[in-house]
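Asker: Following this line is work.txt, made up of compact mmCIF, C-alpha atoms and all ligand atoms:
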```txt
# COMPACT_ATOMS: atom_id res chain seq x y z
CA MET A 1 180.42 46.85 95.09
CA VAL A 2 176.76 45.85 94.68
CA SER A 3 174.64 48.77 93.39
CA PRO A 4 171.88 49.58 95.84
CA SER A 5 168.43 48.55 94.57
CA PRO A 6 166.13 51.28 93.34
CA HIS A 7 164.10 50.64 96.43
CA VAL A 8 167.06 51.48 98.65
CA ILE A 9 167.80 54.68 96.67
CA HIS A 10 164.19 55.72 97.01
CA ALA A 11 164.14 55.15 100.74
CA ARG A 12 167.41 57.07 101.23
CA PHE A 13 166.30 60.08 99.25
CA GLN A 14 162.61 59.93 100.24
CA PRO A 15 162.72 62.80 102.79
CA TYR A 16 164.33 65.07 100.19
CA ILE A 17 161.84 64.05 97.50
CA ARG A 18 158.97 64.76 99.91
CA LEU A 19 160.52 68.15 100.75
CA VAL A 20 160.80 69.11 97.06
CA PHE A 21 157.21 68.04 96.36
CA SER A 22 155.95 69.92 99.42
CA ALA A 23 157.85 73.04 98.33
CA LEU A 24 156.37 72.70 94.82
CA LEU A 25 152.84 72.21 96.18
CA LEU A 26 153.25 75.13 98.56
CA SER A 27 154.53 77.42 95.86
CA THR A 28 151.73 76.37 93.49
CA GLY A 29 149.18 76.82 96.24
CA LEU A 30 150.58 80.21 97.10
CA THR A 31 150.59 81.16 93.44
CA ASN A 32 146.98 80.19 93.17
CA ALA A 33 146.17 81.95 96.39
CA ILE A 34 147.97 85.08 95.23
CA ALA A 35 146.29 84.77 91.88
CA GLN A 36 142.92 84.48 93.63
CA THR A 37 143.54 87.26 96.23
CA PRO A 38 142.82 90.48 94.41
CA ASP A 39 145.11 93.34 95.28
CA ALA A 40 143.80 96.59 96.78
CA GLN A 41 143.40 98.15 93.35
CA GLU A 42 141.31 95.26 92.07
CA VAL A 43 139.11 95.43 95.21
CA ALA A 44 138.62 99.17 94.70
CA GLN A 45 137.47 98.53 91.14
CA THR A 46 134.62 96.36 92.46
CA LEU A 47 133.39 98.97 94.97
CA PRO A 48 130.96 101.80 94.16
CA ASN A 49 132.27 105.39 93.99
CA VAL A 50 130.49 107.58 96.55
CA VAL A 51 131.04 111.30 97.07
CA ILE A 52 130.35 112.73 100.54
CA LEU A 53 129.22 116.36 100.51
CA ALA A 54 129.61 117.79 104.02
CA THR A 55 127.46 120.72 105.14
CA GLY A 56 128.02 120.76 108.95
CA GLY A 57 125.58 119.87 111.73
CA THR A 58 125.91 117.75 114.84
CA ILE A 59 127.50 114.88 112.92
CA ALA A 60 130.41 117.32 112.61
CA GLY A 61 129.91 118.72 116.09
CA THR A 62 132.15 118.68 119.16
CA GLY A 63 131.30 118.87 122.83
CA ALA A 64 133.27 119.86 125.93
CA SER A 65 133.25 116.28 127.20
CA SER A 66 132.17 112.79 126.17
CA THR A 67 128.94 113.23 128.08
CA THR A 68 128.01 116.50 126.40
CA THR A 69 125.02 115.62 124.23
CA VAL A 70 123.37 119.03 124.32
CA GLY A 71 125.00 122.46 124.37
CA TYR A 72 127.86 121.32 122.07
CA THR A 73 129.22 123.19 119.03
CA SER A 74 127.73 122.10 115.72
CA ALA A 75 129.66 122.14 112.41
CA THR A 76 133.30 122.07 113.55
CA VAL A 77 134.75 118.79 112.18
CA GLY A 78 135.82 118.76 108.51
CA VAL A 79 134.78 116.12 105.98
CA ASP A 80 138.23 114.47 105.84
CA LYS A 81 138.15 113.91 109.61
CA LEU A 82 134.61 112.54 109.41
CA ILE A 83 135.78 110.03 106.79
CA ALA A 84 138.98 109.17 108.68
CA ALA A 85 136.92 108.42 111.80
CA VAL A 86 135.20 105.53 109.94
CA PRO A 87 137.92 103.38 108.28
CA GLU A 88 135.25 100.75 107.59
CA LEU A 89 133.98 102.99 104.77
CA LYS A 90 136.81 101.63 102.59
CA LYS A 91 135.23 98.17 102.72
CA VAL A 92 131.95 99.32 101.18
CA ALA A 93 132.86 102.14 98.79
CA ASN A 94 135.57 104.29 97.25
CA VAL A 95 134.87 107.54 99.07
CA LYS A 96 135.80 111.13 98.28
CA GLY A 97 134.77 114.12 100.42
CA GLU A 98 133.87 117.74 99.64
CA GLN A 99 133.19 120.42 102.25
CA VAL A 100 130.31 122.28 100.61
CA PHE A 101 129.36 124.33 103.72
CA GLN A 102 130.11 124.15 107.44
CA ILE A 103 126.92 125.35 109.16
CA ALA A 104 124.38 124.33 111.75
CA SER A 105 121.38 123.46 109.63
CA GLU A 106 118.99 125.88 111.35
CA SER A 107 120.90 128.41 109.23
CA MET A 108 120.32 126.60 105.93
CA THR A 109 118.94 128.94 103.24
CA ASN A 110 117.46 128.80 99.72
CA ASP A 111 120.88 129.84 98.41
CA HIS A 112 122.52 126.85 100.13
CA TRP A 113 119.89 124.53 98.63
CA LEU A 114 120.42 125.84 95.09
CA LYS A 115 124.21 125.49 95.40
CA LEU A 116 123.92 121.98 96.87
CA ALA A 117 121.40 120.76 94.26
CA LYS A 118 123.56 122.06 91.40
CA ARG A 119 126.66 120.34 92.83
CA VAL A 120 124.76 117.06 93.27
CA ASN A 121 123.51 117.16 89.67
CA ILE A 122 126.97 117.88 88.28
CA LEU A 123 128.49 114.99 90.26
CA LEU A 124 125.72 112.49 89.45
CA ALA A 125 126.07 113.25 85.73
CA ARG A 126 129.60 111.82 85.94
CA PRO A 127 129.83 108.12 85.03
CA ASP A 128 132.44 107.58 87.75
CA VAL A 129 130.07 108.68 90.55
CA ASP A 130 127.61 106.01 91.72
CA GLY A 131 125.98 107.80 94.63
CA ILE A 132 126.05 110.83 96.90
CA VAL A 133 125.98 111.16 100.69
CA ILE A 134 125.22 114.52 102.26
CA THR A 135 126.17 115.02 105.91
CA HIS A 136 123.79 117.58 107.36
CA GLY A 137 122.42 119.06 110.57
CA THR A 138 119.25 117.34 111.72
CA ASP A 139 117.15 120.46 112.26
CA THR A 140 116.38 121.00 108.56
CA ILE A 141 117.47 117.66 107.12
CA GLU A 142 113.85 116.94 106.09
CA GLU A 143 113.61 120.19 104.13
CA THR A 144 116.91 119.80 102.30
CA ALA A 145 115.96 116.20 101.53
CA TYR A 146 112.62 117.23 100.03
CA PHE A 147 114.14 120.11 98.04
CA LEU A 148 116.63 117.66 96.52
CA ASP A 149 113.89 115.06 96.01
CA LEU A 150 112.22 117.59 93.68
CA THR A 151 115.36 118.91 91.95
CA VAL A 152 117.95 116.09 91.60
CA LYS A 153 118.00 114.87 87.97
CA SER A 154 119.27 111.31 88.40
CA ARG A 155 118.09 107.91 89.63
CA LYS A 156 121.42 107.35 91.38
CA PRO A 157 121.09 107.26 95.19
CA VAL A 158 121.28 110.50 97.18
CA VAL A 159 121.35 109.80 100.92
CA ILE A 160 121.24 112.50 103.59
CA VAL A 161 122.63 111.67 107.01
CA GLY A 162 122.99 113.42 110.34
CA ALA A 163 123.55 112.61 113.96
CA MET A 164 121.84 113.46 117.22
CA ARG A 165 125.05 113.26 119.28
CA PRO A 166 128.28 115.19 118.53
CA SER A 167 131.33 113.30 117.30
CA THR A 168 132.94 113.59 120.76
CA ALA A 169 130.04 111.99 122.67
CA LEU A 170 129.88 108.56 124.28
CA SER A 171 128.13 106.27 121.75
CA ALA A 172 128.13 108.99 119.12
CA ASP A 173 125.67 107.93 116.41
CA GLY A 174 127.47 109.80 113.61
CA PRO A 175 130.02 107.13 112.60
CA ILE A 176 127.51 104.28 112.21
CA ASN A 177 125.02 106.62 110.52
CA LEU A 178 127.74 107.72 108.07
CA TYR A 179 128.76 104.10 107.41
CA ASN A 180 125.13 103.17 106.73
CA ALA A 181 124.63 106.19 104.49
CA VAL A 182 127.67 105.37 102.33
CA LEU A 183 126.61 101.73 102.14
CA LEU A 184 123.11 102.80 101.07
CA ALA A 185 124.35 105.36 98.54
CA GLY A 186 126.50 102.68 96.90
CA SER A 187 123.77 100.04 96.88
CA LYS A 188 121.72 98.90 93.87
CA GLU A 189 118.65 98.71 96.12
CA ALA A 190 118.63 102.48 96.63
CA ILE A 191 118.60 103.30 92.91
CA GLY A 192 115.39 105.01 91.79
CA LYS A 193 114.00 105.35 95.34
CA GLY A 194 114.22 109.16 95.45
CA VAL A 195 116.26 111.08 98.01
CA LEU A 196 116.65 109.08 101.22
CA VAL A 197 117.37 109.97 104.85
CA THR A 198 119.09 107.46 107.10
CA LEU A 199 119.81 107.64 110.82
CA ASN A 200 119.31 105.02 113.54
CA ASP A 201 119.55 102.07 111.07
CA GLN A 202 116.34 103.21 109.36
CA ILE A 203 115.64 104.39 105.79
CA ASN A 204 113.07 107.14 105.27
CA ALA A 205 111.78 108.86 102.14
CA ALA A 206 112.42 112.59 101.77
CA ARG A 207 108.73 113.39 101.26
CA GLU A 208 107.43 111.84 104.50
CA VAL A 209 110.37 111.95 106.94
CA THR A 210 110.24 114.48 109.77
CA LYS A 211 112.06 115.18 113.03
CA THR A 212 109.75 114.05 115.85
CA ASN A 213 111.94 114.56 118.95
CA THR A 214 114.25 117.42 119.89
CA SER A 215 117.13 115.23 121.08
CA THR A 216 116.74 111.43 120.88
CA THR A 217 118.60 109.29 118.31
CA ASP A 218 115.35 107.74 116.98
CA THR A 219 113.88 111.16 116.19
CA PHE A 220 113.42 110.71 112.43
CA LYS A 221 110.15 109.01 111.51
CA SER A 222 107.59 108.99 108.70
CA PRO A 223 104.49 109.07 110.90
CA GLU A 224 101.51 107.01 109.69
CA LEU A 225 102.80 106.57 106.12
CA GLY A 226 105.89 104.75 107.40
CA MET A 227 109.59 104.45 106.67
CA LEU A 228 110.92 102.57 103.63
CA GLY A 229 113.11 100.01 105.39
CA TYR A 230 116.17 99.24 107.48
CA ILE A 231 119.91 98.88 107.22
CA GLN A 232 121.02 95.79 109.07
CA GLY A 233 124.35 93.96 109.00
CA SER A 234 125.75 96.23 106.28
CA LYS A 235 122.77 95.59 103.97
CA PRO A 236 119.75 97.76 103.07
CA TYR A 237 116.27 96.18 103.23
CA PHE A 238 113.42 98.01 101.49
CA TYR A 239 109.76 97.17 102.16
CA ARG A 240 107.99 100.03 100.40
CA GLN A 241 108.61 103.17 98.39
CA SER A 242 106.83 106.50 97.97
CA THR A 243 104.09 106.63 95.32
CA ARG A 244 104.80 110.29 94.63
CA LYS A 245 106.97 111.48 91.72
CA ASN A 246 110.52 112.59 92.51
CA THR A 247 113.99 113.32 91.05
CA LEU A 248 113.98 112.58 87.30
CA ASP A 249 110.16 112.49 87.19
CA THR A 250 109.62 116.06 88.41
CA GLU A 251 109.04 119.10 86.16
CA PHE A 252 111.40 121.35 88.16
CA ASP A 253 114.82 122.39 86.87
CA ILE A 254 117.07 124.59 89.00
CA THR A 255 120.07 124.51 86.62
CA ASN A 256 119.73 128.19 85.70
CA LEU A 257 117.96 129.35 88.86
CA ASP A 258 119.85 131.74 91.17
CA VAL A 259 116.97 132.70 93.43
CA LEU A 260 113.74 131.06 94.56
CA PRO A 261 110.39 132.91 94.87
CA LYS A 262 109.78 134.21 98.43
CA VAL A 263 107.33 131.95 100.27
CA ASP A 264 106.64 132.32 104.01
CA ILE A 265 104.69 130.40 106.64
CA VAL A 266 102.14 131.66 109.16
CA TYR A 267 101.55 129.37 112.13
CA GLY A 268 98.00 128.85 113.34
CA TYR A 269 97.02 129.08 117.04
CA ALA A 270 94.08 130.17 119.14
CA ASP A 271 93.60 133.95 119.17
CA MET A 272 96.09 134.42 116.29
CA ASN A 273 96.21 137.70 114.34
CA SER A 274 97.32 138.78 110.86
CA VAL A 275 100.32 140.95 111.85
CA ALA A 276 102.85 138.36 110.67
CA LEU A 277 100.85 137.59 107.50
CA ASP A 278 100.46 141.26 106.60
CA ALA A 279 104.17 141.90 107.17
CA GLN A 280 105.17 138.90 105.02
CA VAL A 281 102.93 140.06 102.17
CA ALA A 282 104.20 143.62 102.49
CA ALA A 283 107.78 142.26 102.34
CA GLY A 284 107.03 140.70 98.95
CA ALA A 285 105.96 137.13 99.67
CA LYS A 286 104.73 135.46 96.44
CA GLY A 287 103.21 132.62 98.43
CA ILE A 288 101.97 131.99 101.97
CA ILE A 289 101.66 128.62 103.67
CA HIS A 290 98.92 128.93 106.27
CA ALA A 291 99.72 126.17 108.81
CA GLY A 292 96.24 126.14 110.31
CA VAL A 293 94.93 124.30 113.33
CA GLY A 294 93.22 120.97 112.72
CA ASP A 295 92.36 120.26 109.09
CA GLY A 296 93.98 123.51 107.98
CA SER A 297 91.21 125.61 109.57
CA ILE A 298 91.21 129.42 109.14
CA ALA A 299 90.22 131.55 112.14
CA ALA A 300 87.45 134.10 111.45
CA GLN A 301 89.84 136.99 112.02
CA MET A 302 92.29 135.59 109.42
CA LYS A 303 89.85 135.16 106.55
CA GLU A 304 89.83 138.75 105.24
CA PRO A 305 93.63 139.23 105.48
CA LEU A 306 94.14 135.99 103.52
CA ILE A 307 91.57 137.02 100.89
CA ALA A 308 93.29 140.41 100.63
CA ALA A 309 96.66 138.70 100.12
CA ARG A 310 95.16 136.49 97.42
CA LYS A 311 93.74 139.56 95.66
CA LYS A 312 97.32 140.93 95.53
CA GLY A 313 98.33 137.79 93.63
CA VAL A 314 99.83 135.94 96.58
CA ILE A 315 99.23 132.17 96.34
CA ILE A 316 97.67 130.83 99.54
CA VAL A 317 98.22 127.19 100.51
CA ARG A 318 96.20 125.75 103.35
CA ALA A 319 98.38 123.34 105.35
CA SER A 320 98.06 122.10 108.91
CA ARG A 321 100.16 122.48 112.05
CA VAL A 322 99.07 118.93 113.00
CA GLY A 323 101.73 117.20 110.90
CA GLN A 324 99.84 114.11 109.68
CA GLY A 325 96.73 113.55 107.58
CA ILE A 326 95.24 115.06 104.43
CA VAL A 327 94.21 118.71 104.34
CA ALA A 328 91.00 118.24 102.35
CA ARG A 329 90.13 120.66 99.55
CA ASN A 330 86.90 122.58 100.29
CA GLY A 331 86.88 121.03 103.79
CA GLU A 332 87.50 123.76 106.39
CA ALA A 333 87.40 126.54 103.74
CA SER A 334 85.78 127.12 100.32
CA ASP A 335 89.04 126.72 98.42
CA ASP A 336 87.34 126.77 95.02
CA ALA A 337 85.61 130.08 95.79
CA LEU A 338 88.65 131.62 97.54
CA ASP A 339 91.09 130.26 94.90
CA PHE A 340 93.26 128.69 97.62
CA VAL A 341 95.44 125.57 97.27
CA VAL A 342 95.62 122.72 99.83
CA SER A 343 98.86 120.99 100.86
CA ASP A 344 97.53 117.38 100.80
CA THR A 345 99.74 115.62 103.41
CA LEU A 346 102.80 117.86 103.20
CA ASN A 347 103.72 119.60 106.43
CA ALA A 348 104.09 123.38 106.29
CA GLN A 349 107.86 123.48 105.82
CA LYS A 350 107.70 121.01 102.92
CA ALA A 351 104.63 122.72 101.39
CA ARG A 352 106.75 125.88 101.34
CA ILE A 353 109.44 124.08 99.30
CA LEU A 354 106.97 122.70 96.77
CA LEU A 355 105.23 126.09 96.41
CA MET A 356 108.57 127.86 95.82
CA LEU A 357 109.40 125.43 93.03
CA ALA A 358 105.83 125.53 91.66
CA LEU A 359 106.09 129.33 91.40
CA THR A 360 109.17 128.95 89.19
CA LYS A 361 106.79 127.29 86.68
CA THR A 362 103.34 128.92 87.09
CA ASN A 363 100.97 131.16 89.12
CA ASN A 364 97.97 129.14 88.04
CA THR A 365 96.34 127.72 91.18
CA LYS A 366 94.86 124.73 89.34
CA GLU A 367 98.33 123.80 88.06
CA ILE A 368 99.81 124.32 91.52
CA GLN A 369 97.11 122.15 93.11
CA ARG A 370 97.97 119.42 90.56
CA MET A 371 101.59 119.60 91.73
CA PHE A 372 100.57 119.15 95.37
CA TYR A 373 98.73 115.96 94.35
CA THR A 374 101.68 114.78 92.23
CA TYR A 375 104.77 115.29 94.39
N1 LIG B 401 121.67 122.49 115.32
C1 LIG B 401 121.49 121.18 114.75
C2 LIG B 401 121.68 121.25 113.25
O1 LIG B 401 122.75 121.63 112.80
C3 LIG B 401 122.42 120.17 115.26
C4 LIG B 401 122.09 118.83 114.63
O2 LIG B 401 121.26 118.16 115.21
O3 LIG B 401 122.62 118.49 113.57
O4 LIG B 401 120.73 120.91 112.56
```
Would you mind writing the structure in this file as structure tokens?
Answerer:
Amino acid sequence: MVSPSPHVIHARFQPYIRLVFSALLLSTGLTNAIAQTPDAQEVAQTLPNVVILATGGTIAGTGASSTTTVGYTSATVGVDKLIAAVPELKKVANVKGEQVFQIASESMTNDHWLKLAKRVNILLARPDVDGIVITHGTDTIEETAYFLDLTVKSRKPVVIVGAMRPSTALSADGPINLYNAVLLAGSKEAIGKGVLVTLNDQINAAREVTKTNTSTTDTFKSPELGMLGYIQGSKPYFYRQSTRKNTLDTEFDITNLDVLPKVDIVYGYADMNSVALDAQVAAGAKGIIHAGVGDGSIAAQMKEPLIAARKKGVIIVRASRVGQGIVARNGEASDDALDFVVSDTLNAQKARILLMLALTKTNNTKEIQRMFYTY
């Protein structure tokens, strides 16, 4: 029998040889692909660790129907449900949640702020925490943000987020705001920028941000001085940052503070009287923010009551109800002669926060005025 030529053998077995080679290539390719596709644990190791501290507010609110955008119940949804409602968070950070409070933020107090600031500082001191998100009611978000801006002792990002529509509403803004906040808190770009507030795809600085509309989703703005940037397509874009000192660069330390000095606000208006001021001083106020009309103007009938308060050792800060612009020293009042302080561009509610912290350090009005030009 003539042996078949090698050529014939090759032709007969060619399909099998091709199959074996294909199987080898496939398995090698798969091996490479598997080797290149990191497993879930490896992915998690590349993501930042962000802790979400939940305090309540509309972002955790529920309404009677999907069209209820006012008259809903604030602060009802827990932090775990907030996180579960946004599975996309897992793509941008390793997230853990803590329910610090569950309140509508109009009920936020100094005690809440001290507890929150202490928790933030403890967490940020941990090497395995890269950033913090605080979910918060929008009514006092600007005040909590500024208090933390002056008391957080870290350059790691702290981002405060809220929502203007409850979680049950059509086009609720909470989920995307929370996603953006976690993304921002885990970003390198947000390091060293001070405490930030994000809603509506925008990034604002704690010092300048304020609520400008009672109910619309674009309510948070930094009028005149401007926001810091945007979040677009899962990426933060910064265009400016505040020139004022914050976080690690402030002289305030609340570590061992259990109570803040009592500071109240009197609101200026035509035909005002000193009943509220006198009552606040009698109740033990250590400082008064006079939110005057215009450039912090003092009505004739208010001058003596304010001087009397100052003589009792109460620090008087001239602010303005207007909201934007500088309250000029020795402009609408003889601040040098009256030994008053001016708020610079801080609105009344933020001037109150800075004065409370200033009074934990000094009663010297020259030192306090320096602080209002520094922070
Ligand atoms: N009452 C508001 C608050 O909790 C609801 C909100 O807008 O978050 O601040």
Asker: Show me which residues line ligand LIG 401 (chain B), defined as having an atom within 7 Å of a ligand atom where all atoms listed in the file count, and present them as a list in words.
Answerer: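 The neighbouring residues of ligand LIG 401 (chain B) are, in order, Gly56, Gly57, Thr58, Ile59, Ser74, Ala75, Ile103, Ala104, Ser105, Glu106, His136, Gly137, Thr138, Asp139, Thr140, Gly162, Ala163 and Met164 of chain A.
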Asker: I'd like the neighbourhood of A:Thr69 as a PyMOL selection string, where a residue qualifies if any of its atoms comes within 7 Å (using all atoms listed in the file), though same-chain residues fewer than 5 positions away should be ignored.
Answerer: chain A and resi 165-166+169
Asker: Quick one: everything within 12 Å of A:Gly226, counting all atoms listed in the file, minus sequence neighbours fewer than 4 positions away in the same chain. Send it as a list in words.
Answerer: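 What passes the distance filter is Gln202, Ile203, Asn204, Ala205, Ala206, Arg207, Glu208, Val209, Thr210, Phe220, Lys221, Ser222, Tyr230, Phe238, Tyr239, Arg240, Gln241, Ser242 and Gln324 of chain A.
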Asker: Which residues are close to A:Asn363, i.e. within 10 Å by all atoms listed in the file, leaving aside same-chain residues fewer than 5 positions away? Reply as a PyMOL selection string.
Answerer: chain A and resi 286-287+313-315+355+358+368
Asker: Go ahead and write the selection's residues with C-alpha atoms as a PDB file, in the coordinates of the input.
Answerer:
```pdb
ATOM      1  CA  LYS A 286     104.730 135.460  96.440  1.00  0.00           C
ATOM      2  CA  GLY A 287     103.210 132.620  98.430  1.00  0.00           C
ATOM      3  CA  GLY A 313      98.330 137.790  93.630  1.00  0.00           C
ATOM      4  CA  VAL A 314      99.830 135.940  96.580  1.00  0.00           C
ATOM      5  CA  ILE A 315      99.230 132.170  96.340  1.00  0.00           C
ATOM      6  CA  LEU A 355     105.230 126.090  96.410  1.00  0.00           C
ATOM      7  CA  ALA A 358     105.830 125.530  91.660  1.00  0.00           C
ATOM      8  CA  ILE A 368      99.810 124.320  91.520  1.00  0.00           C
TER       9      ILE A 368
END
```
Asker: Select, from A:Thr345, A:Thr362, A:Ser320, A:Thr255, the residue with the minimum atom-to-atom distance to A:Arg119, counting all atoms listed in the file.
Answerer: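 So, comparing all the options, the nearest one is A:Thr255.
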Asker: Kindly provide, as JSON, the centre and edge lengths (Å, one decimal) of an axis-aligned box around all atoms of stretch 278-286 of chain A given in the file, with 6 Å on each side.
Answerer:
```
{"center_x": 104.1, "center_y": 139.5, "center_z": 101.8, "size_x": 19.3, "size_y": 20.2, "size_z": 22.7}
```
Asker: I'd like to know which of A:Pro157, A:Asp173, A:Met108, A:Val182 is closest to A:Leu89, using only C-alpha atoms.
Answerer: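 Smallest distance to A:Leu89 is found for A:Val182.
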Asker: Which polymer residues have any atom within 6 Å of an atom of stretch 126-133 of chain A, counting only C-alpha atoms, with same-chain residues fewer than 5 positions away left out, as a list in words?
Answerer: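 Once the adjacent positions are removed, what remains is Pro48, Asn49, Val50, Val51, Ile52, Lys156, Pro157, Val158, Val159, Ile160, Ala185 and Gly186 of chain A.
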Asker: What lies within 10 Å of A:Leu306 using only C-alpha atoms, ignoring chain neighbours under 3 positions off, as number ranges by chain?
Answerer: A: 274, 277-278, 281, 288, 290, 298, 301-303, 309-312, 314-316, 338, 340
Asker: Report the distance between atom CA of A:Ser171 and atom CA of A:Gly63 in Å, rounded to one decimal place.
Answerer: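 Answer for the atom CA of A:Ser171 to atom CA of A:Gly63 separation: 13.0 Å.
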Asker: Out of A:Thr135, A:Ser66, A:Thr144, A:Thr151, which residue has the shortest atom-to-atom distance to A:Asn246 when counting only C-alpha atoms?
Answerer: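 Smallest distance to A:Asn246 is found for A:Thr151.
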Asker: Measure the distance from atom CA of A:Thr217 to atom CA of A:Asn200 in Å and round it to one decimal.
Answerer: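 Interatomic distance here is 6.4 Å.
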Asker: With all atoms listed in the file as the basis for distance, which of A:Lys81, A:Trp113, A:Lys118, A:Asp271 is at the shortest distance from A:Asn256?
Answerer: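 Of A:Lys81, A:Trp113, A:Lys118, A:Asp271, the one nearest A:Asn256, counting all atoms listed in the file, is A:Lys118.
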Asker: Atom CA of A:Lys115 to atom CA of A:Val161: how many Å, to one decimal?
Answerer: 18.1 Å
Asker: A:Val95, A:Ala270, A:Ile83, A:Ala172: which is nearest A:Thr62, counting all atoms listed in the file?
Answerer: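 Nearest to A:Thr62: A:Ala172.
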Asker: Taking the point (83.7, 126.1, 106.3) as given in the file, collect each protein or nucleic acid residue that comes within 12 Å of it, counting all atoms listed in the file, and present the set as a PyMOL selection string.
Answerer: chain A and resi 295-300+303+328-338
Asker: Between A:Val152, A:Ile134, A:Ala351, A:Val195, which residue has the minimum interatomic distance to A:Asn177, considering only C-alpha atoms?
Answerer: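 Selected residue with least distance to A:Asn177: A:Ile134.
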